[in-house]
Amino acid sequence: MSIFTSVEVGLMFALMALGVYLSFRILDFPDLTVDGSFVTGAAVAAIMLVSGVNPLMAVAAAFAAGFIAGTITGLLHTVGGINPLLSGILMMIALYSINLRIMGAPNVSLLAQDHLFTWIRQGIGGTWSIMIVMVAFVLLVKILLDFFLKTEFGLALRAVGDNHLMITSFSGNIHFYKVFGLGLSNGLVAIAGALVAQYSGFADVNAGIGMIVIGLASVIIGEAIFGKKTIIRTTLAVIVGAIIYRIIVALALRVEFLETGDLKLITAIIVILALVLPKAIAKQKETMRKRQRRLRLSAQKGA
């Protein structure tokens with residue numbers, strides 16, 4: 001995969017990373033539904049495109065399907081009282097069968113269909129057309145998400161993950177916020193699935209395996225490099241983190257002894273490094289700072 005292609009694909013996966021950021025960071029909910037809802041978005045979009053539906057409508061339908069999947073996960077947790085991790089796992093397993101039902105086969109080809117990216121290539125043309133459109137679309141989603149998270153409802157949603165007792169003290173309905181947040185999260189993930197299916201020319205029922213790890217890797221890489229002081233900065237960091245992740249994978253696969261089948265291993269190593277390196281660097285800086293302080297104190301005593 002070339003670096004250029006990695007950036008294009010990274011922009012699509014950035015939407016999934018934003019969804020994972022909502023559930024993992026904002027709601028503090030380890031949502032494994034992502035592995036299923038990514039394929040649900042791809043499956044819904046693929047079947048609608050094969051049926052001759054407008055590609056934009058197919059993407060919108062993918063978002064709705066992902067939103068419903070996330071909502072059910074939220075209801076399993078809030079109404080059913082099931083552990084968050086188990087709720088996501090149960091929904092992920094259920095979605096595998098549902099996705100097979102939607103597609104009617106393990107794989108649906110889109111090579112002979114008109115889709116969003118054939119429109120872009122025919123309408124705008126040029127090598128950069130898809131990247132320009134994707135940059136504009138991802139930035140639009142980011143701006144809307146930033147705006148939403150600064151509204152009264154968005155602030156309450158952020159508070160649910162940080163301090164749910166405060167929301168309870170204000171008579172807020174924590175369950176509603178969690179269900180809506182998980183719905184929105186998986187809706188974004190499903191849009192990413194719909195776009196990736198159209199870009200790659202097929203929807204596959206196994207395409208979602210490991211998506212939650214890729215999403216977490218994007219979030220962690222972005223936060224490690226750019227920090228997370230404000231919402232605007234963090235969402236931008238998540239988007240850039242998704243692109244950097246794709247570039248790292250593309251570069252890693254150019255190493256002679258690594259193969260495409262090593263992708264999961266590469267992902268795990270990237271996540272481990274993204275988690276460990278910032279802590280190691282911070283610890284090193286703290287050690288250096290303490291050493292310099294001791295040297296200054298020794299110098300003052302000597303004087």
# chains A, B, ... in the order shown; residues from 1 in each chain; ligands from 1
>>> residues_around(residues="stretch 60-70 of chain A", least_positions_apart="6", cutoff="7 Å", atoms="only C-alpha atoms", output="PyMOL selection string")
chain A and resi 33+37+40-41+44-45+182-184+186-188+190-191+194
>>> write_last_selection(atoms="all heavy atoms", output="short mmCIF file (atom, residue, chain, number, x, y, z; two decimals), in the first residue's frame")
data_model
loop_
_atom_site.label_atom_id
_atom_site.label_comp_id
_atom_site.auth_asym_id
_atom_site.auth_seq_id
_atom_site.Cartn_x
_atom_site.Cartn_y
_atom_site.Cartn_z
N THR A 33 -18.75 -3.57 20.17
CA THR A 33 -19.73 -3.59 19.07
C THR A 33 -19.09 -3.14 17.77
O THR A 33 -19.54 -3.51 16.68
CB THR A 33 -20.90 -2.65 19.40
OG1 THR A 33 -21.34 -2.90 20.73
CG2 THR A 33 -22.07 -2.86 18.46
N SER A 37 -20.38 -3.45 13.99
CA SER A 37 -21.07 -2.32 13.35
C SER A 37 -20.30 -1.79 12.14
O SER A 37 -20.90 -1.23 11.22
CB SER A 37 -21.31 -1.19 14.36
OG SER A 37 -20.09 -0.72 14.91
N THR A 40 -21.56 -3.94 9.54
CA THR A 40 -22.97 -3.62 9.30
C THR A 40 -23.09 -2.43 8.35
O THR A 40 -23.91 -2.44 7.41
CB THR A 40 -23.68 -3.28 10.63
OG1 THR A 40 -23.55 -4.39 11.52
CG2 THR A 40 -25.14 -2.99 10.41
N GLY A 41 -22.27 -1.41 8.58
CA GLY A 41 -22.28 -0.25 7.68
C GLY A 41 -21.90 -0.65 6.27
O GLY A 41 -22.55 -0.24 5.29
N VAL A 44 -24.86 -2.91 4.72
CA VAL A 44 -26.06 -2.13 4.35
C VAL A 44 -25.78 -1.31 3.10
O VAL A 44 -26.58 -1.28 2.15
CB VAL A 44 -26.49 -1.22 5.52
CG1 VAL A 44 -27.55 -0.22 5.07
CG2 VAL A 44 -27.02 -2.06 6.68
N ALA A 45 -24.63 -0.63 3.08
CA ALA A 45 -24.29 0.20 1.92
C ALA A 45 -24.15 -0.66 0.67
O ALA A 45 -24.62 -0.30 -0.41
CB ALA A 45 -23.00 0.97 2.20
N LEU A 182 -23.55 5.76 22.57
CA LEU A 182 -23.12 4.53 21.90
C LEU A 182 -23.73 4.42 20.51
O LEU A 182 -23.09 3.92 19.58
CB LEU A 182 -23.52 3.31 22.75
CG LEU A 182 -22.73 3.14 24.04
CD1 LEU A 182 -23.33 2.05 24.91
CD2 LEU A 182 -21.27 2.80 23.72
N GLY A 183 -24.97 4.92 20.36
CA GLY A 183 -25.60 4.93 19.04
C GLY A 183 -24.81 5.82 18.08
O GLY A 183 -24.51 5.42 16.95
N LEU A 184 -24.47 7.03 18.53
CA LEU A 184 -23.71 7.96 17.70
C LEU A 184 -22.33 7.39 17.37
O LEU A 184 -21.86 7.50 16.23
CB LEU A 184 -23.57 9.30 18.43
CG LEU A 184 -22.87 10.43 17.66
CD1 LEU A 184 -23.63 10.75 16.38
CD2 LEU A 184 -22.78 11.68 18.54
N ASN A 186 -21.34 4.21 17.16
CA ASN A 186 -21.41 3.14 16.17
C ASN A 186 -21.95 3.62 14.83
O ASN A 186 -21.68 3.00 13.79
CB ASN A 186 -22.25 1.98 16.71
CG ASN A 186 -21.48 1.16 17.73
OD1 ASN A 186 -20.64 0.34 17.38
ND2 ASN A 186 -21.74 1.41 19.02
N GLY A 187 -22.70 4.71 14.83
CA GLY A 187 -23.13 5.30 13.56
C GLY A 187 -21.93 5.79 12.77
O GLY A 187 -21.83 5.57 11.56
N LEU A 188 -20.99 6.46 13.46
CA LEU A 188 -19.76 6.93 12.79
C LEU A 188 -18.93 5.74 12.30
O LEU A 188 -18.36 5.78 11.20
CB LEU A 188 -18.94 7.78 13.77
CG LEU A 188 -19.52 9.17 14.10
CD1 LEU A 188 -18.71 9.83 15.21
CD2 LEU A 188 -19.52 10.05 12.85
N ALA A 190 -20.05 2.84 11.42
CA ALA A 190 -20.74 2.25 10.26
C ALA A 190 -20.50 3.07 8.99
O ALA A 190 -20.37 2.51 7.90
CB ALA A 190 -22.23 2.13 10.55
N ILE A 191 -20.45 4.40 9.13
CA ILE A 191 -20.13 5.24 7.96
C ILE A 191 -18.75 4.88 7.43
O ILE A 191 -18.54 4.76 6.21
CB ILE A 191 -20.18 6.74 8.34
CG1 ILE A 191 -21.63 7.17 8.58
CG2 ILE A 191 -19.59 7.59 7.21
CD1 ILE A 191 -21.76 8.64 8.97
N ALA A 194 -19.00 1.73 5.50
CA ALA A 194 -19.63 1.94 4.18
C ALA A 194 -18.64 2.55 3.19
O ALA A 194 -18.60 2.16 2.02
CB ALA A 194 -20.85 2.86 4.34
#
>>> select_by_dssp(residues="stretch 54-258 of chain A", states="strand (DSSP E)", output="list in words")
Asn107, Val108, Ser109, Phe202, Ala203 and Asp204 of chain A
>>> closest_residue(among="A:Gln198, A:Thr5, A:Ser185, A:Asn163", to="A:Thr127", atoms="only C-alpha atoms")
A:Thr5
>>> residues_around(residues="A:Gly193", least_positions_apart="4", cutoff="7 Å", atoms="only C-alpha atoms", output="list in words")
Phe38, Val39, Gly41, Ala42, Val189 and Ala197 of chain A
>>> closest_residue(among="A:Ile72, A:Ile47, A:Leu15, A:Ala217", to="A:Phe176", atoms="only C-alpha atoms")
A:Ile72
>>> select_by_dssp(residues="stretch 132-270 of chain A", states="alpha helix (DSSP H)", output="MDAnalysis selection string")
chainID A and resid 132:150 152:162 164:169 174:200 211:226 231:252 263:270
>>> closest_residue(among="A:Leu165, A:Asn206, A:Thr235, A:Thr267", to="A:Ile247", atoms="only C-alpha atoms")
A:Thr267
>>> residues_around(residues="A:Ser169", least_positions_apart="6", cutoff="12 Å", atoms="only C-alpha atoms", output="PyMOL selection string")
chain A and resi 156+159-160+163
>>> residues_around(residues="A:Val108", least_positions_apart="6", cutoff="9 Å", atoms="only C-alpha atoms", output="number ranges by chain")
A: 43, 46-47, 50, 201-205
>>> closest_atom_pairs(of="stretch 18-44 of chain A", to="stretch 86-98 of chain A", cutoff="7 Å", atoms="only C-alpha atoms", output="Markdown table")
| residue | atom | partner | partner_atom | distance |
| --- | --- | --- | --- | --- |
| A:Asp31 | CA | A:Gly88 | CA | 5.1 |
| A:Leu32 | CA | A:Gly88 | CA | 4.5 |
| A:Thr33 | CA | A:Gly88 | CA | 4.6 |
| A:Asp35 | CA | A:Met92 | CA | 6.3 |
| A:Gly36 | CA | A:Met92 | CA | 4.7 |
>>> atom_distance(atom1="atom CA of A:Tyr245", atom2="atom CA of A:Phe24")
17.9 Å
>>> closest_residue(among="A:Val79, A:Thr151, A:Ala282, A:Pro55", to="A:Ile120", atoms="only C-alpha atoms")
A:Pro55
>>> residues_around(residues="A:Ala224", least_positions_apart="3", cutoff="7 Å", atoms="only C-alpha atoms", output="PyMOL selection string")
chain A and resi 220-221+227+274+278
>>> closest_residue(among="A:Leu116, A:Ile269, A:Ile124, A:Val138", to="A:Val240", atoms="only C-alpha atoms")
A:Val138
>>> closest_residue(among="A:Leu49, A:Met211, A:Val196, A:Ser6", to="A:Gly19", atoms="only C-alpha atoms")
A:Met211
